[in-house]
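To start, the structure itself, in C-alpha cells.
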There are 2 protein chains.
Amino acid sequence: MPCTVGIVGLGLMGGAIAMALRPLRILAHDTDRVILCDAKKSGIIDEGCDDPAAMLGRCDIVFLCLNPSTLIRFTETWMAAFKTGALLTDIAGIKGSIAALAERVRPDLDFIPGHPMAGAEKGGFANAGLVSFAGKNYILTPVKRNKPENITVLKELIGRMGFSRISETSAADHDSKIAFTSQLCHVIAASLIDCEEDREITRYGGGSFEDLTRIAMLNAPMWTELFLENREKLLDRIGKFEKSLDEIKGLIADGPAAELEARLTAVRERRAAMAG
Amino acid sequence: MPCTVGIVGLGLMGGAIAMALRPLRILAHDTDRVILCDAKKSGIIDEGCDDPAAMLGRCDIVFLCLNPSTLIRFTETWMAAFKTGALLTDIAGIKGSIAALAERVRPDLDFIPGHPMAGAEKGGFANAGLVSFAGKNYILTPVKRNKPENITVLKELIGRMGFSRISETSAADHDSKIAFTSQLCHVIAASLIDCEEDREITRYGGGSFEDLTRIAMLNAPMWTELFLENREKLLDRIGKFEKSLDEIKGLIADGPAAELEARLTAVRERRAAMAG
C-alpha cells in the first residue's frame, strides 16, 4: 500500500523507529530543528517539519514518540490536523491514560496504543542507532473502537521493525505487568546506586552489579512521569518485592540454612521455567 | 619456568581456569571420574587424578576450586601432601575464613587467597567453556606471610588467563564490598523471582527484567554458604539497600515529583561517574 509514516518526537525511540521502518516514506516533527536537519541529511527521514499541521495532514500512520503527558497534550492540541482516517499509535511505557486518550480521538481516527519494549542507556536521537529491536517484545493494548484491519497493519509494521513477540492485552493488565518487569526493576537499580557512594566499587564487580545497574542510567523526567502515573500498581509491586526480600533476609539472619537453600533452589527452578 | 598446575575441583570455574592456563602442564583432581576422563580426552588437562595425594606432590601451583567449607576441609585433610614450597590459591567468593586458613598452612607453603569475578548461569565442568575472563576483575587478598615473588607469579598467571583488572585488598574489605556488588545483587535477583509466580511474565520484559534476574539461576548450595558465611556484612548491605528503596518508594507515594526526579538524576550521575 502507498503509506506515509509520521514520527512525532525524533528522540531515541522515534529515531530508532524511523530507521527500522525504512524504506517507507517518513516525515518527522520535532521541536529541535537541528535534529530534523541531521535526520534528513543522513537519509533517515524524507522530510522534517517544524509545523505539526504541515505534516500530520499527509501521514497515513503516525507514531507519537513522546513522554505520556506531552503526548496527550500534543494529540489534543493538533486533533484537527490529522489526516482523515489516519492510524495513530504511541510508544509510552504506561497505557492507562493513553487508552483513555485513544477512546476520545476524532471519530474517523484510529489510535492503537502500543509499547515497544526496547531502549538504550543513553537517550536522544544521536543514540537511536544503539537501539536494537531484534528479539524484543512489543505490547499492544487495543481499545474497543480500534478496527481489526488497522491492528493487522500495525502488527505488520512492528514485525518489519524486527520485534519478535507481539502481545495484546488490556491497558490495566499492561500497567500491572510493566510495574513489575520494568518499573520495579528501574526502582531497584536506582536504589542500588542510591545506597553506595564508592565510585571505585566497580573494581569489585563480577557482572551481576553491572547487569543490575545498567538501567540506573535513567532518563529522570520520563521515569518520574511513568512511576507517578502508575503509582498504585508500582507501590503494590514494590511492597511484594520488599516482602520477599525481607523473608530471604530473615533466612540469612536466622536460618535454618536448609530452608534458605530450598528457597534459592525454588527461585532457580522458577526462573528456569520462565520463557525467554 | 617449568611449572605444573594442579586444579582441585573441575567444575565450572576449575574447568575454565584449566582451559585458560593452557598450554601449561595441568593435573586435576575431582571426585567425579567421568569428568576427569572427559577433560583428559578433550585435552583440557594432562592428567586426571582420583587420589589427591598422587597429584598434589607434583604441583608447583594449586588452584583450589571448591566451595569454601569443602576447600577448608580438603586443604586441612591433605596438608602433608602438597609439594614443598608450593603456591596455593583459591577462587572462593568469600575471603575471611580463607585468609585464616592461608595463615595456618604448612610453613613452607604459600597460600594467596583470590577471587576471580566471573561465572556463568549454568554450573559444572560441561559449561566451563561459557565462562569468559576477558575484561573481568580478579581480587587478591594476600595475607602477611605471602611472599611478594609468589604474588607476582600469581598475577602473571591471572593476566595470562585474560583478566583485565587485578586488585589487592584485605579479606575484610573484600567481603564488605562483595556483600554489595555480588551477594546483595543475588539476593535482589532471587527476591524478584520469589515475588512473581507468572511464568509468562517474560512476554512483558524489555531487557531490564532479564538483566536483573539472569543471576537468579543460582547455585543454591554455594550461595547459601556464601551468604551465611558473610551474614553480618550482607545483612548490613541489605539494610542500606532497603533504606534507599524505602525512601524512593516514599517519593513515589507522596512526592513531591521534583524531589523524585532530582533523586533519579543524582542516581544517573553517580552511576555514570562509576568506572566500568
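We name chains A, B, ... following the order of the C-alpha cells; residues begin at 1 in each chain, and ligands are numbered from 1 as shown.
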
Fit target chain A, mobile chain B, all Cα in order, as an mmCIF file with C-alpha atoms, in the first residue's frame:
```cif
data_model
loop_
_atom_site.group_PDB
_atom_site.id
_atom_site.type_symbol
_atom_site.label_atom_id
_atom_site.label_comp_id
_atom_site.auth_asym_id
_atom_site.auth_seq_id
_atom_site.Cartn_x
_atom_site.Cartn_y
_atom_site.Cartn_z
ATOM 1 C CA MET B 1 0.077 -0.036 0.014
ATOM 2 C CA PRO B 2 1.197 3.576 -0.521
ATOM 3 C CA CYS B 3 1.881 4.642 3.043
ATOM 4 C CA THR B 4 3.413 7.736 4.595
ATOM 5 C CA VAL B 5 4.571 7.403 8.192
ATOM 6 C CA GLY B 6 4.806 10.367 10.540
ATOM 7 C CA ILE B 7 7.065 10.373 13.570
ATOM 8 C CA VAL B 8 6.283 12.923 16.268
ATOM 9 C CA GLY B 9 9.295 13.333 18.541
ATOM 10 C CA LEU B 10 12.579 12.291 16.956
ATOM 11 C CA GLY B 11 14.329 11.159 20.124
ATOM 12 C CA LEU B 12 15.898 7.810 20.944
ATOM 13 C CA MET B 13 12.819 5.734 20.124
ATOM 14 C CA GLY B 14 11.372 7.960 17.402
ATOM 15 C CA GLY B 15 14.730 7.855 15.643
ATOM 16 C CA ALA B 16 15.056 4.092 16.053
ATOM 17 C CA ILE B 17 11.553 3.529 14.664
ATOM 18 C CA ALA B 18 12.280 5.785 11.679
ATOM 19 C CA MET B 19 15.431 3.790 10.939
ATOM 20 C CA ALA B 20 13.583 0.483 11.301
ATOM 21 C CA LEU B 21 10.717 1.491 9.024
ATOM 22 C CA ARG B 22 12.837 2.476 6.021
ATOM 23 C CA PRO B 23 12.303 2.378 3.093
ATOM 24 C CA LEU B 24 8.764 3.649 3.815
ATOM 25 C CA ARG B 25 8.225 7.354 3.231
ATOM 26 C CA ILE B 26 8.855 9.042 6.586
ATOM 27 C CA LEU B 27 8.041 12.567 7.748
ATOM 28 C CA ALA B 28 9.057 13.766 11.191
ATOM 29 C CA HIS B 29 8.237 16.568 13.584
ATOM 30 C CA ASP B 30 10.439 17.603 16.487
ATOM 31 C CA THR B 31 10.894 20.843 18.408
ATOM 32 C CA ASP B 32 14.629 20.578 17.685
ATOM 33 C CA ARG B 33 15.321 21.832 14.149
ATOM 34 C CA VAL B 34 18.910 20.657 14.187
ATOM 35 C CA ILE B 35 17.805 17.063 14.723
ATOM 36 C CA LEU B 36 15.316 17.284 11.856
ATOM 37 C CA CYS B 37 18.087 18.595 9.564
ATOM 38 C CA ASP B 38 20.533 15.884 10.673
ATOM 39 C CA ALA B 39 17.944 13.157 10.184
ATOM 40 C CA LYS B 40 17.100 14.368 6.689
ATOM 41 C CA LYS B 41 20.771 14.746 5.734
ATOM 42 C CA SER B 42 21.554 11.220 6.843
ATOM 43 C CA GLY B 43 18.567 9.873 4.925
ATOM 44 C CA ILE B 44 16.695 8.600 7.983
ATOM 45 C CA ILE B 45 13.649 10.695 7.146
ATOM 46 C CA ASP B 46 12.330 12.162 3.915
ATOM 47 C CA GLU B 47 11.209 15.423 5.414
ATOM 48 C CA GLY B 48 11.476 17.275 8.725
ATOM 49 C CA CYS B 49 8.525 19.497 9.615
ATOM 50 C CA ASP B 50 8.688 22.329 12.132
ATOM 51 C CA ASP B 51 4.953 22.749 11.893
ATOM 52 C CA PRO B 52 2.971 19.694 13.006
ATOM 53 C CA ALA B 53 -0.051 20.762 10.966
ATOM 54 C CA ALA B 54 2.015 20.700 7.779
ATOM 55 C CA MET B 55 2.954 17.094 8.434
ATOM 56 C CA LEU B 56 0.012 15.397 10.141
ATOM 57 C CA GLY B 57 -2.391 15.995 7.246
ATOM 58 C CA ARG B 58 -0.163 13.897 4.980
ATOM 59 C CA CYS B 59 0.502 10.885 7.209
ATOM 60 C CA ASP B 60 -1.442 7.619 6.990
ATOM 61 C CA ILE B 61 0.203 6.308 10.151
ATOM 62 C CA VAL B 62 1.555 8.441 12.989
ATOM 63 C CA PHE B 63 3.912 7.226 15.728
ATOM 64 C CA LEU B 64 3.663 9.539 18.729
ATOM 65 C CA CYS B 65 7.078 9.153 20.365
ATOM 66 C CA LEU B 66 6.720 11.505 23.332
ATOM 67 C CA ASN B 67 6.518 11.230 27.107
ATOM 68 C CA PRO B 68 2.917 10.473 28.181
ATOM 69 C CA SER B 69 1.905 13.968 29.326
ATOM 70 C CA THR B 70 3.448 15.678 26.275
ATOM 71 C CA LEU B 71 1.860 13.075 24.022
ATOM 72 C CA ILE B 72 -1.627 13.697 25.407
ATOM 73 C CA ARG B 73 -1.212 17.477 25.157
ATOM 74 C CA PHE B 74 0.146 17.230 21.583
ATOM 75 C CA THR B 75 -2.629 14.954 20.364
ATOM 76 C CA GLU B 76 -5.354 17.135 21.850
ATOM 77 C CA THR B 77 -3.777 20.324 20.505
ATOM 78 C CA TRP B 78 -3.417 19.009 16.953
ATOM 79 C CA MET B 79 -6.509 16.781 16.831
ATOM 80 C CA ALA B 80 -7.949 18.636 13.811
ATOM 81 C CA ALA B 81 -4.709 18.330 11.834
ATOM 82 C CA PHE B 82 -4.522 14.532 11.442
ATOM 83 C CA LYS B 83 -5.337 13.044 8.023
ATOM 84 C CA THR B 84 -8.847 11.632 7.705
ATOM 85 C CA GLY B 85 -8.886 7.970 8.739
ATOM 86 C CA ALA B 86 -5.282 8.001 9.977
ATOM 87 C CA LEU B 87 -3.888 5.249 12.179
ATOM 88 C CA LEU B 88 -2.264 6.653 15.334
ATOM 89 C CA THR B 89 -0.095 4.807 17.792
ATOM 90 C CA ASP B 90 2.350 5.636 20.584
ATOM 91 C CA ILE B 91 5.292 4.143 22.441
ATOM 92 C CA ALA B 92 4.633 5.237 26.028
ATOM 93 C CA GLY B 93 5.619 2.897 28.841
ATOM 94 C CA ILE B 94 2.290 3.420 30.568
ATOM 95 C CA LYS B 95 -1.028 2.705 28.894
ATOM 96 C CA GLY B 96 -3.904 3.712 31.212
ATOM 97 C CA SER B 97 -4.090 7.392 30.286
ATOM 98 C CA ILE B 98 -3.163 6.634 26.668
ATOM 99 C CA ALA B 99 -6.040 4.174 26.308
ATOM 100 C CA ALA B 100 -8.379 6.864 27.645
ATOM 101 C CA LEU B 101 -6.986 9.265 25.032
ATOM 102 C CA ALA B 102 -7.417 6.639 22.289
ATOM 103 C CA GLU B 103 -11.115 6.392 23.188
ATOM 104 C CA ARG B 104 -11.684 10.128 22.743
ATOM 105 C CA VAL B 105 -9.836 10.959 19.492
ATOM 106 C CA ARG B 106 -11.717 12.255 16.450
ATOM 107 C CA PRO B 107 -14.237 9.626 15.295
ATOM 108 C CA ASP B 108 -12.512 8.912 11.964
ATOM 109 C CA LEU B 109 -9.086 8.399 13.587
ATOM 110 C CA ASP B 110 -7.948 5.029 14.950
ATOM 111 C CA PHE B 111 -5.493 5.259 17.863
ATOM 112 C CA ILE B 112 -3.985 1.877 18.850
ATOM 113 C CA PRO B 113 -1.850 2.247 22.001
ATOM 114 C CA GLY B 114 1.441 0.348 21.951
ATOM 115 C CA HIS B 115 4.650 -0.201 23.885
ATOM 116 C CA PRO B 116 7.850 -1.325 22.150
ATOM 117 C CA MET B 117 9.934 -2.906 24.926
ATOM 118 C CA ALA B 118 13.332 -1.687 23.867
ATOM 119 C CA GLY B 119 15.644 1.172 24.710
ATOM 120 C CA ALA B 120 19.226 2.151 25.435
ATOM 121 C CA GLU B 121 21.145 3.592 28.365
ATOM 122 C CA LYS B 122 21.803 6.809 26.500
ATOM 123 C CA GLY B 123 18.892 8.869 25.258
ATOM 124 C CA GLY B 124 18.234 11.181 22.346
ATOM 125 C CA PHE B 125 18.230 10.916 18.570
ATOM 126 C CA ALA B 126 22.049 10.713 18.478
ATOM 127 C CA ASN B 127 21.853 7.311 20.175
ATOM 128 C CA ALA B 128 18.932 5.921 18.165
ATOM 129 C CA GLY B 129 21.302 3.646 16.269
ATOM 130 C CA LEU B 130 22.116 1.855 19.549
ATOM 131 C CA VAL B 131 18.549 0.584 19.953
ATOM 132 C CA SER B 132 18.002 -2.957 18.737
ATOM 133 C CA PHE B 133 14.501 -4.306 18.157
ATOM 134 C CA ALA B 134 15.584 -7.820 17.194
ATOM 135 C CA GLY B 135 14.106 -10.436 19.511
ATOM 136 C CA LYS B 136 12.287 -7.824 21.592
ATOM 137 C CA ASN B 137 8.700 -7.701 22.875
ATOM 138 C CA TYR B 138 6.035 -5.252 21.666
ATOM 139 C CA ILE B 139 2.808 -4.887 23.621
ATOM 140 C CA LEU B 140 -0.400 -3.555 22.066
ATOM 141 C CA THR B 141 -3.322 -2.507 24.256
ATOM 142 C CA PRO B 142 -6.133 -2.014 21.734
ATOM 143 C CA VAL B 143 -9.273 -0.150 22.743
ATOM 144 C CA LYS B 144 -12.814 -1.165 21.808
ATOM 145 C CA ARG B 145 -13.127 1.195 18.876
ATOM 146 C CA ASN B 146 -9.907 0.036 17.129
ATOM 147 C CA LYS B 147 -10.498 -1.532 13.703
ATOM 148 C CA PRO B 148 -9.172 -5.094 13.383
ATOM 149 C CA GLU B 149 -7.702 -4.308 9.960
ATOM 150 C CA ASN B 150 -5.686 -1.446 11.428
ATOM 151 C CA ILE B 151 -4.360 -3.704 14.200
ATOM 152 C CA THR B 152 -3.219 -6.072 11.444
ATOM 153 C CA VAL B 153 -1.480 -3.235 9.587
ATOM 154 C CA LEU B 154 0.268 -2.085 12.755
ATOM 155 C CA LYS B 155 1.403 -5.612 13.606
ATOM 156 C CA GLU B 156 2.824 -5.986 10.126
ATOM 157 C CA LEU B 157 4.846 -2.785 10.623
ATOM 158 C CA ILE B 158 6.042 -3.951 14.056
ATOM 159 C CA GLY B 159 7.203 -7.247 12.600
ATOM 160 C CA ARG B 160 9.008 -5.353 9.852
ATOM 161 C CA MET B 161 10.851 -3.371 12.527
ATOM 162 C CA GLY B 162 12.286 -6.628 13.839
ATOM 163 C CA PHE B 163 10.319 -7.278 17.027
ATOM 164 C CA SER B 164 9.815 -10.983 17.639
ATOM 165 C CA ARG B 165 6.892 -11.190 20.059
ATOM 166 C CA ILE B 166 3.758 -9.062 19.812
ATOM 167 C CA SER B 167 1.293 -9.401 22.697
ATOM 168 C CA GLU B 168 -2.173 -7.893 23.034
ATOM 169 C CA THR B 169 -3.637 -7.132 26.404
ATOM 170 C CA SER B 170 -5.670 -4.514 28.257
ATOM 171 C CA ALA B 171 -4.125 -1.235 29.373
ATOM 172 C CA ALA B 172 -4.738 -2.205 33.008
ATOM 173 C CA ASP B 173 -3.014 -5.572 32.606
ATOM 174 C CA HIS B 174 -0.104 -3.935 30.763
ATOM 175 C CA ASP B 175 0.361 -1.375 33.500
ATOM 176 C CA SER B 176 0.249 -4.040 36.183
ATOM 177 C CA LYS B 177 2.820 -6.271 34.477
ATOM 178 C CA ILE B 178 5.072 -3.413 33.443
ATOM 179 C CA ALA B 179 5.054 -2.196 37.052
ATOM 180 C CA PHE B 180 6.929 -5.425 37.762
ATOM 181 C CA THR B 181 9.111 -6.188 34.715
ATOM 182 C CA SER B 182 10.165 -2.631 34.010
ATOM 183 C CA GLN B 183 9.324 -0.046 36.669
ATOM 184 C CA LEU B 184 10.215 -2.116 39.745
ATOM 185 C CA CYS B 185 13.498 -3.096 38.071
ATOM 186 C CA HIS B 186 14.324 0.566 37.500
ATOM 187 C CA VAL B 187 13.424 1.432 41.101
ATOM 188 C CA ILE B 188 15.695 -1.392 42.315
ATOM 189 C CA ALA B 189 18.594 -0.307 40.080
ATOM 190 C CA ALA B 190 18.183 3.272 41.299
ATOM 191 C CA SER B 191 18.097 2.145 44.947
ATOM 192 C CA LEU B 192 21.256 0.069 44.477
ATOM 193 C CA ILE B 193 23.183 3.102 43.265
ATOM 194 C CA ASP B 194 21.459 5.353 45.792
ATOM 195 C CA CYS B 195 22.861 3.306 48.697
ATOM 196 C CA GLU B 196 26.497 3.203 47.580
ATOM 197 C CA GLU B 197 28.823 6.184 47.358
ATOM 198 C CA ASP B 198 32.096 4.490 46.400
ATOM 199 C CA ARG B 199 32.899 5.308 42.764
ATOM 200 C CA GLU B 200 35.598 2.643 42.687
ATOM 201 C CA ILE B 201 33.162 -0.091 43.682
ATOM 202 C CA THR B 202 33.048 -1.343 40.072
ATOM 203 C CA ARG B 203 36.550 -2.785 40.593
ATOM 204 C CA TYR B 204 34.708 -5.368 42.666
ATOM 205 C CA GLY B 205 32.009 -6.111 40.123
ATOM 206 C CA GLY B 206 31.717 -9.522 38.540
ATOM 207 C CA GLY B 207 28.896 -8.909 36.104
ATOM 208 C CA SER B 208 25.888 -9.008 38.397
ATOM 209 C CA PHE B 209 26.356 -5.454 39.692
ATOM 210 C CA GLU B 210 26.844 -4.227 36.128
ATOM 211 C CA ASP B 211 23.718 -6.111 34.971
ATOM 212 C CA LEU B 212 21.582 -4.770 37.803
ATOM 213 C CA THR B 213 22.664 -1.139 37.486
ATOM 214 C CA ARG B 214 22.897 -0.633 33.723
ATOM 215 C CA ILE B 215 19.353 0.754 33.800
ATOM 216 C CA ALA B 216 20.262 3.137 36.628
ATOM 217 C CA MET B 217 21.363 5.421 33.767
ATOM 218 C CA LEU B 218 17.771 6.519 33.566
ATOM 219 C CA ASN B 219 16.023 9.411 31.891
ATOM 220 C CA ALA B 220 14.859 11.033 35.132
ATOM 221 C CA PRO B 221 11.973 13.215 33.823
ATOM 222 C CA MET B 222 10.482 10.325 31.831
ATOM 223 C CA TRP B 223 10.760 7.745 34.602
ATOM 224 C CA THR B 224 9.404 10.174 37.190
ATOM 225 C CA GLU B 225 6.351 10.580 34.998
ATOM 226 C CA LEU B 226 5.982 6.820 34.404
ATOM 227 C CA PHE B 227 6.388 5.977 38.098
ATOM 228 C CA LEU B 228 3.896 8.598 39.240
ATOM 229 C CA GLU B 229 1.301 7.775 36.625
ATOM 230 C CA ASN B 230 1.425 4.088 37.611
ATOM 231 C CA ARG B 231 1.868 4.897 41.296
ATOM 232 C CA GLU B 232 -0.658 2.484 42.777
ATOM 233 C CA LYS B 233 0.420 -0.593 40.816
ATOM 234 C CA LEU B 234 4.103 0.191 41.256
ATOM 235 C CA LEU B 235 3.747 0.635 45.021
ATOM 236 C CA ASP B 236 1.973 -2.721 45.153
ATOM 237 C CA ARG B 237 4.839 -4.393 43.294
ATOM 238 C CA ILE B 238 7.490 -2.714 45.440
ATOM 239 C CA GLY B 239 5.612 -3.964 48.499
ATOM 240 C CA LYS B 240 5.567 -7.564 47.227
ATOM 241 C CA PHE B 241 9.261 -7.391 46.387
ATOM 242 C CA GLU B 242 10.056 -5.978 49.841
ATOM 243 C CA LYS B 243 8.146 -8.854 51.426
ATOM 244 C CA SER B 244 10.176 -11.478 49.536
ATOM 245 C CA LEU B 245 13.418 -9.609 50.243
ATOM 246 C CA ASP B 246 12.541 -9.400 53.906
ATOM 247 C CA GLU B 247 11.785 -13.115 54.123
ATOM 248 C CA ILE B 248 15.061 -14.069 52.424
ATOM 249 C CA LYS B 249 16.866 -11.611 54.706
ATOM 250 C CA GLY B 250 15.233 -13.353 57.667
ATOM 251 C CA LEU B 251 16.548 -16.729 56.475
ATOM 252 C CA ILE B 252 20.051 -15.293 56.077
ATOM 253 C CA ALA B 253 19.850 -13.785 59.568
ATOM 254 C CA ASP B 254 18.299 -16.692 61.437
ATOM 255 C CA GLY B 255 18.337 -19.708 59.155
ATOM 256 C CA PRO B 256 17.784 -22.554 59.061
ATOM 257 C CA ALA B 257 20.328 -22.912 56.250
ATOM 258 C CA ALA B 258 18.379 -25.768 54.666
ATOM 259 C CA GLU B 259 15.345 -23.515 54.318
ATOM 260 C CA LEU B 260 17.420 -20.748 52.703
ATOM 261 C CA GLU B 261 18.898 -23.262 50.277
ATOM 262 C CA ALA B 262 15.432 -24.658 49.456
ATOM 263 C CA ARG B 263 14.134 -21.130 48.804
ATOM 264 C CA LEU B 264 17.052 -20.374 46.467
ATOM 265 C CA THR B 265 16.556 -23.694 44.685
ATOM 266 C CA ALA B 266 12.884 -22.835 44.159
ATOM 267 C CA VAL B 267 13.928 -19.450 42.728
ATOM 268 C CA ARG B 268 16.315 -21.117 40.311
ATOM 269 C CA GLU B 269 13.618 -23.528 39.140
ATOM 270 C CA ARG B 270 11.031 -20.794 38.756
ATOM 271 C CA ARG B 271 13.388 -18.588 36.717
ATOM 272 C CA ALA B 272 14.361 -21.558 34.540
ATOM 273 C CA ALA B 273 10.674 -22.274 33.847
ATOM 274 C CA MET B 274 10.061 -18.699 32.683
ATOM 275 C CA ALA B 275 10.263 -18.414 28.931
ATOM 276 C CA GLY B 276 12.843 -16.077 27.375
#
```

Subject >> strand (DSSP E or B) positions in range 32-254 of chain B, given as a list in words >> reply: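 Written out, the strand (DSSP E or B) residues of range 32-254 of chain B are Glu47, Gly48, Cys49, Ile61, Val62, Phe63, Leu64, Leu87, Leu88, Thr89, Asp90, Asp110, Phe111, Ile112, Gly114, His115, Pro116, Asn137, Tyr138, Ile139, Leu140, Arg165, Ile166, Ser167 and Glu168 of chain B.
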
**OP:** Write down as a VMD selection string the residues of range 16-103 of chain B whose backbone DSSP state falls under alpha helix (DSSP H).
**Re:** chain B and resid 16 to 21 33 to 41 52 to 56 68 to 77 96 to 103
